[in-house]
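Visitor: This is the structure I want to talk about, given as structure tokens.
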Amino acid sequence: MIKLLILQILAHFISDFYLQTEKSCQDKMENGFKSLQLYLHVAITFLCSWLFSFLYPFTMSFWWAALIIALTHGILDGLKSVFKKVPWIFFIDQALHLVVIFVVVICFEKTVYYHIPFGYENVMTFFNRISMPTLLWFTAFTFCLRPANLFVREILENAHIKLPQANEAAQYEPEVAGDERVEDRVCVSNADRVIALVERVLILVFMLIGHFEVIGFLLLAKALVRFKDATTDKSEYALVGTLLSFSMAIVAGALVLCLLNIV
């Protein structure tokens with residue numbers, strides 16, 4: 001069951017964070033159930049869920065479970081537009097998606113009888129050979145790319161933590177700050193995103209090969225670079241973002257190591 005659950009979580013990451021754009025997300029938030037992007041996203045979610053189930057040996061009948069996951073996903077995303085002003089709604093939405101996946105996978109495991117089709121006794125596809133460690137680490141790396149960037153952004157926004165320049169723009173030029181959504185909504189620059197992405201990938205690589213001490217040196221090097229910034233507010237902002245970014249990679253790697261000890 002654990003492998004099928006991880007596959008569905010991986011399918012969720014890909015469909016929810018990689019196969020939709022910022023523009024489509026904004027359209028869903030503004031139009032809710034009237035948005036065509038919402039129904040396109042439901043279709044993509046269904047396909048990802050069903051196709052990824054093929055990596056679990058002989059689960060061709062997972063289509064109905066994938067359909068439940070996709071329809072529930074669409075309902076939650078539609079309701080998200082209704083409650084978009086609720087604090088931390090992004091994380092509430094993501095938590096509910098994961099709960100639905102967990103429940104559906106458990107129900108599927110208890111109701112489906114696995115059997116090897118006639119003539120396939122000696123057939124083992126390439127995808128079925130994917131080991132649990134490979135799948136877990138791939139899922140962790142998938143999360144630490146685009147999803148982790150969005151998680152950090154949402155935490156900073158909900159905690160009302162912004163760059164000093166953004167605060168000054170909102171105070172002295174409210175009409176400009178209101179129009180420039182990139183400055184108001186996205187709190188980190190493209191360079192910061194790339195740096196954070198590389199940091200998280202390096203952390204997972206070091207955890208994969210067992211060199212945990214290097215993570216401390218990586219954090220120290222980042223702190224020394226940021227210490228050169230004379231602006232206190234900007235330094236504090238960078239520190240919060242760095243700690244959040246590092247924490248997500250470390251937690252993802254720790255979960256993988258824990259699961260490998262269990263399975």
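Labels for the structure tokens follow display order: chains A, B, ..., residues from 1 in each chain, ligands from 1.
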At a cut-off of 7 Å, using only C-alpha atoms, what residues contact Lys28 in chain A? Leave out same-chain residues fewer than 4 positions from it and give the result as a PyMOL selection string.
Guide: chain A and resi 24+32+35+37-38+81
Visitor: Put those residues in a file: all heavy atoms, as a JSON list (two decimals), in the first residue's frame.
Guide:
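Once written, out-v9.json looks like this:
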[["chain", "number", "residue", "atom", "x", "y", "z"],
["A", 24, "SER", "N", -3.34, 29.96, -14.83],
["A", 24, "SER", "CA", -4.49, 29.07, -14.65],
["A", 24, "SER", "C", -4.93, 29.01, -13.20],
["A", 24, "SER", "O", -6.13, 28.95, -12.90],
["A", 24, "SER", "CB", -4.16, 27.66, -15.16],
["A", 24, "SER", "OG", -3.10, 27.09, -14.40],
["A", 32, "GLY", "N", -13.67, 30.31, -9.84],
["A", 32, "GLY", "CA", -14.18, 29.15, -9.12],
["A", 32, "GLY", "C", -14.71, 28.06, -10.03],
["A", 32, "GLY", "O", -14.05, 27.64, -10.99],
["A", 35, "SER", "N", -14.72, 28.39, -13.91],
["A", 35, "SER", "CA", -13.46, 28.43, -14.64],
["A", 35, "SER", "C", -13.27, 27.16, -15.46],
["A", 35, "SER", "O", -13.37, 26.04, -14.95],
["A", 35, "SER", "CB", -12.30, 28.59, -13.65],
["A", 35, "SER", "OG", -11.06, 28.45, -14.31],
["A", 37, "GLN", "N", -10.44, 26.34, -16.62],
["A", 37, "GLN", "CA", -9.16, 25.82, -16.16],
["A", 37, "GLN", "C", -9.34, 24.81, -15.03],
["A", 37, "GLN", "O", -8.54, 23.87, -14.90],
["A", 37, "GLN", "CB", -8.27, 26.97, -15.68],
["A", 37, "GLN", "CG", -7.84, 27.93, -16.77],
["A", 37, "GLN", "CD", -6.92, 27.30, -17.78],
["A", 37, "GLN", "OE1", -6.19, 26.35, -17.47],
["A", 37, "GLN", "NE2", -6.94, 27.79, -19.01],
["A", 38, "LEU", "N", -10.39, 24.97, -14.24],
["A", 38, "LEU", "CA", -10.67, 24.04, -13.15],
["A", 38, "LEU", "C", -10.96, 22.65, -13.69],
["A", 38, "LEU", "O", -10.41, 21.65, -13.20],
["A", 38, "LEU", "CB", -11.84, 24.55, -12.31],
["A", 38, "LEU", "CG", -12.32, 23.61, -11.20],
["A", 38, "LEU", "CD1", -11.23, 23.40, -10.17],
["A", 38, "LEU", "CD2", -13.58, 24.16, -10.53],
["A", 81, "SER", "N", -11.71, 28.82, -3.99],
["A", 81, "SER", "CA", -11.97, 30.17, -4.52],
["A", 81, "SER", "C", -13.02, 30.90, -3.69],
["A", 81, "SER", "O", -13.01, 32.12, -3.60],
["A", 81, "SER", "CB", -12.42, 30.09, -5.97],
["A", 81, "SER", "OG", -13.67, 29.44, -6.07]]
Visitor: Compile the contact shell of Ile101 in chain A as a PDB file with all heavy atoms, in the first residue's frame: residues with an atom at most 8 Å away, counting only C-alpha atoms, same-chain residues fewer than 6 positions apart removed.
Guide:
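The resulting file, result-v3.pdb, is reproduced below:
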ATOM      1  N   LEU A   5       0.571   4.589  -2.354  1.00  0.00           N
ATOM      2  CA  LEU A   5       0.326   5.899  -1.730  1.00  0.00           C
ATOM      3  C   LEU A   5       1.372   6.916  -2.170  1.00  0.00           C
ATOM      4  O   LEU A   5       1.038   8.061  -2.514  1.00  0.00           O
ATOM      5  CB  LEU A   5       0.328   5.753  -0.215  1.00  0.00           C
ATOM      6  CG  LEU A   5       0.123   7.032   0.604  1.00  0.00           C
ATOM      7  CD1 LEU A   5      -1.233   7.657   0.298  1.00  0.00           C
ATOM      8  CD2 LEU A   5       0.259   6.745   2.102  1.00  0.00           C
ATOM      9  N   GLN A   8       0.730   8.055  -5.698  1.00  0.00           N
ATOM     10  CA  GLN A   8      -0.374   9.007  -5.808  1.00  0.00           C
ATOM     11  C   GLN A   8       0.025  10.389  -5.284  1.00  0.00           C
ATOM     12  O   GLN A   8      -0.419  11.413  -5.817  1.00  0.00           O
ATOM     13  CB  GLN A   8      -1.599   8.478  -5.057  1.00  0.00           C
ATOM     14  CG  GLN A   8      -2.227   7.270  -5.713  1.00  0.00           C
ATOM     15  CD  GLN A   8      -2.580   7.520  -7.162  1.00  0.00           C
ATOM     16  OE1 GLN A   8      -3.266   8.484  -7.499  1.00  0.00           O
ATOM     17  NE2 GLN A   8      -2.094   6.662  -8.054  1.00  0.00           N
ATOM     18  N   ILE A   9       0.856  10.435  -4.265  1.00  0.00           N
ATOM     19  CA  ILE A   9       1.359  11.723  -3.780  1.00  0.00           C
ATOM     20  C   ILE A   9       2.257  12.361  -4.839  1.00  0.00           C
ATOM     21  O   ILE A   9       2.191  13.576  -5.091  1.00  0.00           O
ATOM     22  CB  ILE A   9       2.124  11.543  -2.453  1.00  0.00           C
ATOM     23  CG1 ILE A   9       1.153  11.130  -1.348  1.00  0.00           C
ATOM     24  CG2 ILE A   9       2.853  12.830  -2.066  1.00  0.00           C
ATOM     25  CD1 ILE A   9       1.827  10.822  -0.024  1.00  0.00           C
ATOM     26  N   ILE A  69     -10.435  10.729  -6.767  1.00  0.00           N
ATOM     27  CA  ILE A  69      -9.399  11.690  -6.380  1.00  0.00           C
ATOM     28  C   ILE A  69      -9.515  12.962  -7.212  1.00  0.00           C
ATOM     29  O   ILE A  69      -9.440  14.081  -6.681  1.00  0.00           O
ATOM     30  CB  ILE A  69      -8.000  11.057  -6.550  1.00  0.00           C
ATOM     31  CG1 ILE A  69      -7.781   9.953  -5.514  1.00  0.00           C
ATOM     32  CG2 ILE A  69      -6.908  12.131  -6.425  1.00  0.00           C
ATOM     33  CD1 ILE A  69      -6.482   9.197  -5.690  1.00  0.00           C
TER      34      ILE A  69
END
Visitor: Out of A:Ile2, A:Val104, A:Leu220, A:Met248, which residue has the shortest atom-to-atom distance to Leu150 in chain A when counting only C-alpha atoms?
Guide: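 Using only C-alpha atoms, Leu150 in chain A sits closest to A:Met248.
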Visitor: Residues near Leu202 in chain A, anyone? I mean within 10 Å using only C-alpha atoms, not counting same-chain ones fewer than 4 positions away, as a count of residues only.
Guide: 10
Visitor: Skip Leu79 in chain A itself and residues of its chain fewer than 3 positions away, then list as a PyMOL selection string all residues within 10 Å of it, counting only C-alpha atoms.
Guide: chain A and resi 29+32-33+73-76+82-84+93
Visitor: Go ahead and save the picked residues with C-alpha atoms, as a short mmCIF file (atom, residue, chain, number, x, y, z; two decimals), in the first residue's frame.
Guide:
data_model
loop_
_atom_site.label_atom_id
_atom_site.label_comp_id
_atom_site.auth_asym_id
_atom_site.auth_seq_id
_atom_site.Cartn_x
_atom_site.Cartn_y
_atom_site.Cartn_z
CA MET A 29 -9.24 31.50 -7.83
CA GLY A 32 -14.18 29.15 -9.12
CA PHE A 33 -16.53 26.52 -10.53
CA HIS A 73 -9.71 17.63 -6.10
CA GLY A 74 -11.91 19.76 -8.36
CA ILE A 75 -14.49 20.30 -5.63
CA LEU A 76 -11.83 21.37 -3.15
CA VAL A 82 -14.97 30.74 -2.23
CA PHE A 83 -12.83 30.76 0.92
CA LYS A 84 -9.77 32.39 -0.66
CA ASP A 93 -6.36 22.84 0.62
#
Visitor: Taking 3 positions as the minimum chain separation for residues in the same chain, which residues sit within 9 Å of range 144-147 of chain A when counting only C-alpha atoms? Answer as a list in words.
Guide: Phe13, Asp16, Phe17, Tyr18, Thr139, Ala140, Phe141, Leu150, Phe151, Val152, Ala196, Leu197, Val198, Arg200, Val201, Leu204, Ser245, Met248, Ala249 and Ala252 of chain A
Visitor: Could you write out the selected residues, including C-alpha atoms, as a PDB file, in the first residue's frame?
Guide:
ATOM      1  CA  PHE A  13       2.801  17.031  -6.907  1.00  0.00           C
ATOM      2  CA  ASP A  16      -0.865  20.364  -8.989  1.00  0.00           C
ATOM      3  CA  PHE A  17       2.514  22.117  -9.206  1.00  0.00           C
ATOM      4  CA  TYR A  18       4.090  21.272 -12.560  1.00  0.00           C
ATOM      5  CA  THR A 139       9.297  12.132  -4.773  1.00  0.00           C
ATOM      6  CA  ALA A 140      11.400  14.098  -2.283  1.00  0.00           C
ATOM      7  CA  PHE A 141      13.361  15.798  -5.078  1.00  0.00           C
ATOM      8  CA  LEU A 150       5.451  27.838  -3.461  1.00  0.00           C
ATOM      9  CA  PHE A 151       5.241  26.578   0.126  1.00  0.00           C
ATOM     10  CA  VAL A 152       7.880  29.102   1.230  1.00  0.00           C
ATOM     11  CA  ALA A 196      16.988  28.121  -2.758  1.00  0.00           C
ATOM     12  CA  LEU A 197      16.214  25.363  -5.252  1.00  0.00           C
ATOM     13  CA  VAL A 198      19.896  24.446  -5.604  1.00  0.00           C
ATOM     14  CA  ARG A 200      17.441  22.085  -1.280  1.00  0.00           C
ATOM     15  CA  VAL A 201      18.707  19.738  -3.990  1.00  0.00           C
ATOM     16  CA  LEU A 204      18.840  15.993  -0.330  1.00  0.00           C
ATOM     17  CA  SER A 245      13.821  26.383   2.635  1.00  0.00           C
ATOM     18  CA  MET A 248      11.587  21.656   4.009  1.00  0.00           C
ATOM     19  CA  ALA A 249      14.501  19.834   2.398  1.00  0.00           C
ATOM     20  CA  ALA A 252      11.628  15.688   3.203  1.00  0.00           C
TER      21      ALA A 252
END
Visitor: For the atom pair CA of His97 in chain A and CA of Ile130 in chain A, what is the interatomic distance in Å to one decimal place?
Guide: 25.1 Å
Visitor: Within 9 Å of Val240 in chain A, counting only C-alpha atoms, which residues qualify if same-chain residues fewer than 4 places away don't, as a ChimeraX atom specification?
Guide: /A:156,161,235-236,244-245
Visitor: Output N, CA, C and O atoms for every residue in that selection, as a compact mmCIF listing (two decimals), in the first residue's frame.
Guide:
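See out.txt below for the written result:
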# COMPACT_ATOMS: atom_id res chain seq x y z
N LEU A 156 5.50 32.93 3.83
CA LEU A 156 5.92 34.32 3.99
C LEU A 156 4.75 35.28 3.82
O LEU A 156 4.62 36.26 4.56
N ILE A 161 5.36 38.62 5.88
CA ILE A 161 6.79 38.92 5.83
C ILE A 161 7.14 39.27 4.39
O ILE A 161 6.98 38.46 3.48
N SER A 235 18.02 41.31 5.92
CA SER A 235 18.75 40.18 6.47
C SER A 235 17.82 39.23 7.22
O SER A 235 17.93 38.01 7.11
N GLU A 236 16.89 39.82 8.00
CA GLU A 236 15.95 38.99 8.74
C GLU A 236 15.01 38.24 7.78
O GLU A 236 14.69 37.07 7.99
N LEU A 244 13.28 28.36 6.31
CA LEU A 244 12.13 27.63 5.79
C LEU A 244 12.55 26.69 4.67
O LEU A 244 12.12 25.52 4.63
N SER A 245 13.38 27.18 3.76
CA SER A 245 13.82 26.38 2.64
C SER A 245 14.63 25.18 3.10
O SER A 245 14.40 24.05 2.65
Visitor: Fewer than 6 positions away in the same chain doesn't count, so skip those; otherwise give me all residues within 10 Å of Lys222 in chain A, counting only C-alpha atoms, as a JSON list (two decimals) with all heavy atoms, in the first residue's frame.
Guide:
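Full text of out_16.json as output:
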[["chain", "number", "residue", "atom", "x", "y", "z"],
["A", 195, "ILE", "N", 18.58, 29.96, -6.21],
["A", 195, "ILE", "CA", 19.53, 29.65, -5.14],
["A", 195, "ILE", "C", 18.90, 28.70, -4.13],
["A", 195, "ILE", "O", 19.52, 27.69, -3.73],
["A", 195, "ILE", "CB", 19.99, 30.94, -4.45],
["A", 195, "ILE", "CG1", 20.85, 31.78, -5.39],
["A", 195, "ILE", "CG2", 20.79, 30.62, -3.18],
["A", 195, "ILE", "CD1", 21.18, 33.15, -4.86],
["A", 199, "GLU", "N", 20.01, 24.85, -3.20],
["A", 199, "GLU", "CA", 20.31, 24.50, -1.82],
["A", 199, "GLU", "C", 19.53, 23.26, -1.38],
["A", 199, "GLU", "O", 20.09, 22.34, -0.75],
["A", 199, "GLU", "CB", 19.97, 25.67, -0.90],
["A", 199, "GLU", "CG", 20.91, 26.85, -1.03],
["A", 199, "GLU", "CD", 20.38, 28.08, -0.30],
["A", 199, "GLU", "OE1", 19.22, 28.07, 0.14],
["A", 199, "GLU", "OE2", 21.16, 29.05, -0.19],
["A", 216, "GLY", "N", 25.40, 21.52, 7.56],
["A", 216, "GLY", "CA", 25.76, 22.60, 8.48],
["A", 216, "GLY", "C", 26.69, 23.61, 7.82],
["A", 216, "GLY", "O", 26.52, 24.83, 7.99],
["A", 238, "ALA", "N", 15.73, 37.35, 4.68],
["A", 238, "ALA", "CA", 16.53, 36.30, 4.04],
["A", 238, "ALA", "C", 16.74, 35.13, 5.00],
["A", 238, "ALA", "O", 16.72, 33.96, 4.58],
["A", 238, "ALA", "CB", 17.87, 36.86, 3.59],
["A", 239, "LEU", "N", 16.92, 35.44, 6.28],
["A", 239, "LEU", "CA", 17.13, 34.38, 7.27],
["A", 239, "LEU", "C", 15.90, 33.51, 7.41],
["A", 239, "LEU", "O", 15.99, 32.28, 7.44],
["A", 239, "LEU", "CB", 17.49, 35.00, 8.62],
["A", 239, "LEU", "CG", 17.67, 34.02, 9.79],
["A", 239, "LEU", "CD1", 18.81, 33.06, 9.48],
["A", 239, "LEU", "CD2", 17.92, 34.77, 11.09],
["A", 242, "THR", "N", 15.58, 31.38, 4.26],
["A", 242, "THR", "CA", 16.59, 30.33, 4.23],
["A", 242, "THR", "C", 16.24, 29.20, 5.18],
["A", 242, "THR", "O", 16.34, 28.01, 4.83],
["A", 242, "THR", "CB", 17.96, 30.91, 4.60],
["A", 242, "THR", "OG1", 18.34, 31.90, 3.64],
["A", 242, "THR", "CG2", 19.02, 29.82, 4.64]]
Visitor: Calculate how many Å separate CA of Phe102 in chain A from CA of Leu47 in chain A, rounding to one decimal.
Guide: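 Those two atoms sit 17.8 Å apart.
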Visitor: Here is a test: counting only C-alpha atoms, which residue of A:Phe46, A:Tyr39, A:Phe90, A:Phe138 is nearest to Ile6 in chain A?
Guide: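 With only C-alpha atoms as the atom set, the closest residue is A:Phe138.
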Visitor: What residues in range 47-152 of chain A get the DSSP label helix (DSSP H, G or I)? Please answer as a VMD selection string.
Guide: chain A and resid 47 to 53 60 to 82 89 to 111 127 to 129 132 to 143 146 to 152
Visitor: Write the residues of the preceding selection, restricted to C-alpha atoms, as a CSV table (one decimal), in the first residue's frame.
Guide:
chain,number,residue,atom,x,y,z
A,47,LEU,CA,-4.8,11.1,-15.9
A,48,CYS,CA,-1.8,11.6,-13.6
A,49,SER,CA,-3.4,9.6,-10.8
A,50,TRP,CA,-4.4,6.7,-13.2
A,51,LEU,CA,-1.2,6.6,-15.2
A,52,PHE,CA,1.0,6.6,-12.1
A,53,SER,CA,-1.0,3.7,-10.7
A,60,MET,CA,-5.4,-1.5,-14.0
A,61,SER,CA,-8.7,-1.1,-12.1
A,62,PHE,CA,-7.5,2.0,-10.2
A,63,TRP,CA,-9.4,4.2,-12.7
A,64,TRP,CA,-12.4,4.6,-10.4
A,65,ALA,CA,-10.1,5.6,-7.5
A,66,ALA,CA,-8.3,8.1,-9.7
A,67,LEU,CA,-11.7,9.4,-10.7
A,68,ILE,CA,-12.7,10.0,-7.1
A,69,ILE,CA,-9.4,11.7,-6.4
A,70,ALA,CA,-9.8,14.0,-9.4
A,71,LEU,CA,-13.4,14.9,-8.7
A,72,THR,CA,-12.7,15.6,-5.1
A,73,HIS,CA,-9.7,17.6,-6.1
A,74,GLY,CA,-11.9,19.8,-8.4
A,75,ILE,CA,-14.5,20.3,-5.6
A,76,LEU,CA,-11.8,21.4,-3.1
A,77,ASP,CA,-10.2,23.7,-5.7
A,78,GLY,CA,-13.6,25.2,-6.5
A,79,LEU,CA,-14.4,25.8,-2.8
A,80,LYS,CA,-10.9,27.3,-2.3
A,81,SER,CA,-12.0,30.2,-4.5
A,82,VAL,CA,-15.0,30.7,-2.2
A,89,ILE,CA,-6.2,28.4,2.8
A,90,PHE,CA,-3.4,27.1,0.6
A,91,PHE,CA,-2.1,24.7,3.2
A,92,ILE,CA,-5.7,23.7,4.3
A,93,ASP,CA,-6.4,22.8,0.6
A,94,GLN,CA,-3.2,20.8,0.3
A,95,ALA,CA,-3.8,18.9,3.5
A,96,LEU,CA,-7.3,18.0,2.4
A,97,HIS,CA,-5.9,16.8,-1.0
A,98,LEU,CA,-3.5,14.5,0.8
A,99,VAL,CA,-6.2,13.2,3.2
A,100,VAL,CA,-8.4,12.3,0.2
A,101,ILE,CA,-5.5,10.5,-1.5
A,102,PHE,CA,-4.7,8.5,1.7
A,103,VAL,CA,-8.4,7.5,2.3
A,104,VAL,CA,-8.9,6.5,-1.4
A,105,VAL,CA,-5.8,4.4,-1.5
A,106,ILE,CA,-6.8,2.6,1.7
A,107,CYS,CA,-10.3,1.9,0.4
A,108,PHE,CA,-8.8,0.7,-2.9
A,109,GLU,CA,-6.4,-1.7,-1.2
A,110,LYS,CA,-9.3,-3.2,0.9
A,111,THR,CA,-11.7,-3.6,-2.0
A,127,PHE,CA,8.3,0.6,-14.3
A,128,ASN,CA,7.4,-2.2,-11.9
A,129,ARG,CA,11.1,-2.6,-11.2
A,132,MET,CA,11.0,1.9,-3.1
A,133,PRO,CA,14.1,3.9,-2.2
A,134,THR,CA,14.3,5.2,-5.8
A,135,LEU,CA,10.6,6.2,-5.7
A,136,LEU,CA,10.9,7.9,-2.3
A,137,TRP,CA,13.9,9.9,-3.2
A,138,PHE,CA,12.4,10.9,-6.6
A,139,THR,CA,9.3,12.1,-4.8
A,140,ALA,CA,11.4,14.1,-2.3
A,141,PHE,CA,13.4,15.8,-5.1
A,142,THR,CA,10.1,16.5,-6.9
A,143,PHE,CA,8.7,18.2,-3.8
A,146,ARG,CA,8.7,23.9,-7.5
A,147,PRO,CA,6.3,22.9,-4.7
A,148,ALA,CA,8.8,23.9,-1.9
A,149,ASN,CA,9.2,27.3,-3.6
A,150,LEU,CA,5.5,27.8,-3.5
A,151,PHE,CA,5.2,26.6,0.1
A,152,VAL,CA,7.9,29.1,1.2
Visitor: Which is closest to Val205 in chain A among A:Cys258, A:Ile250, A:Leu4, A:Ala43, if we use only C-alpha atoms?
Guide: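 Checking each candidate against Val205 in chain A, we get A:Ile250 as the closest.
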Visitor: What gap, in Å, lies between CA of His160 in chain A and CA of Gly241 in chain A?
Guide: 12.6 Å
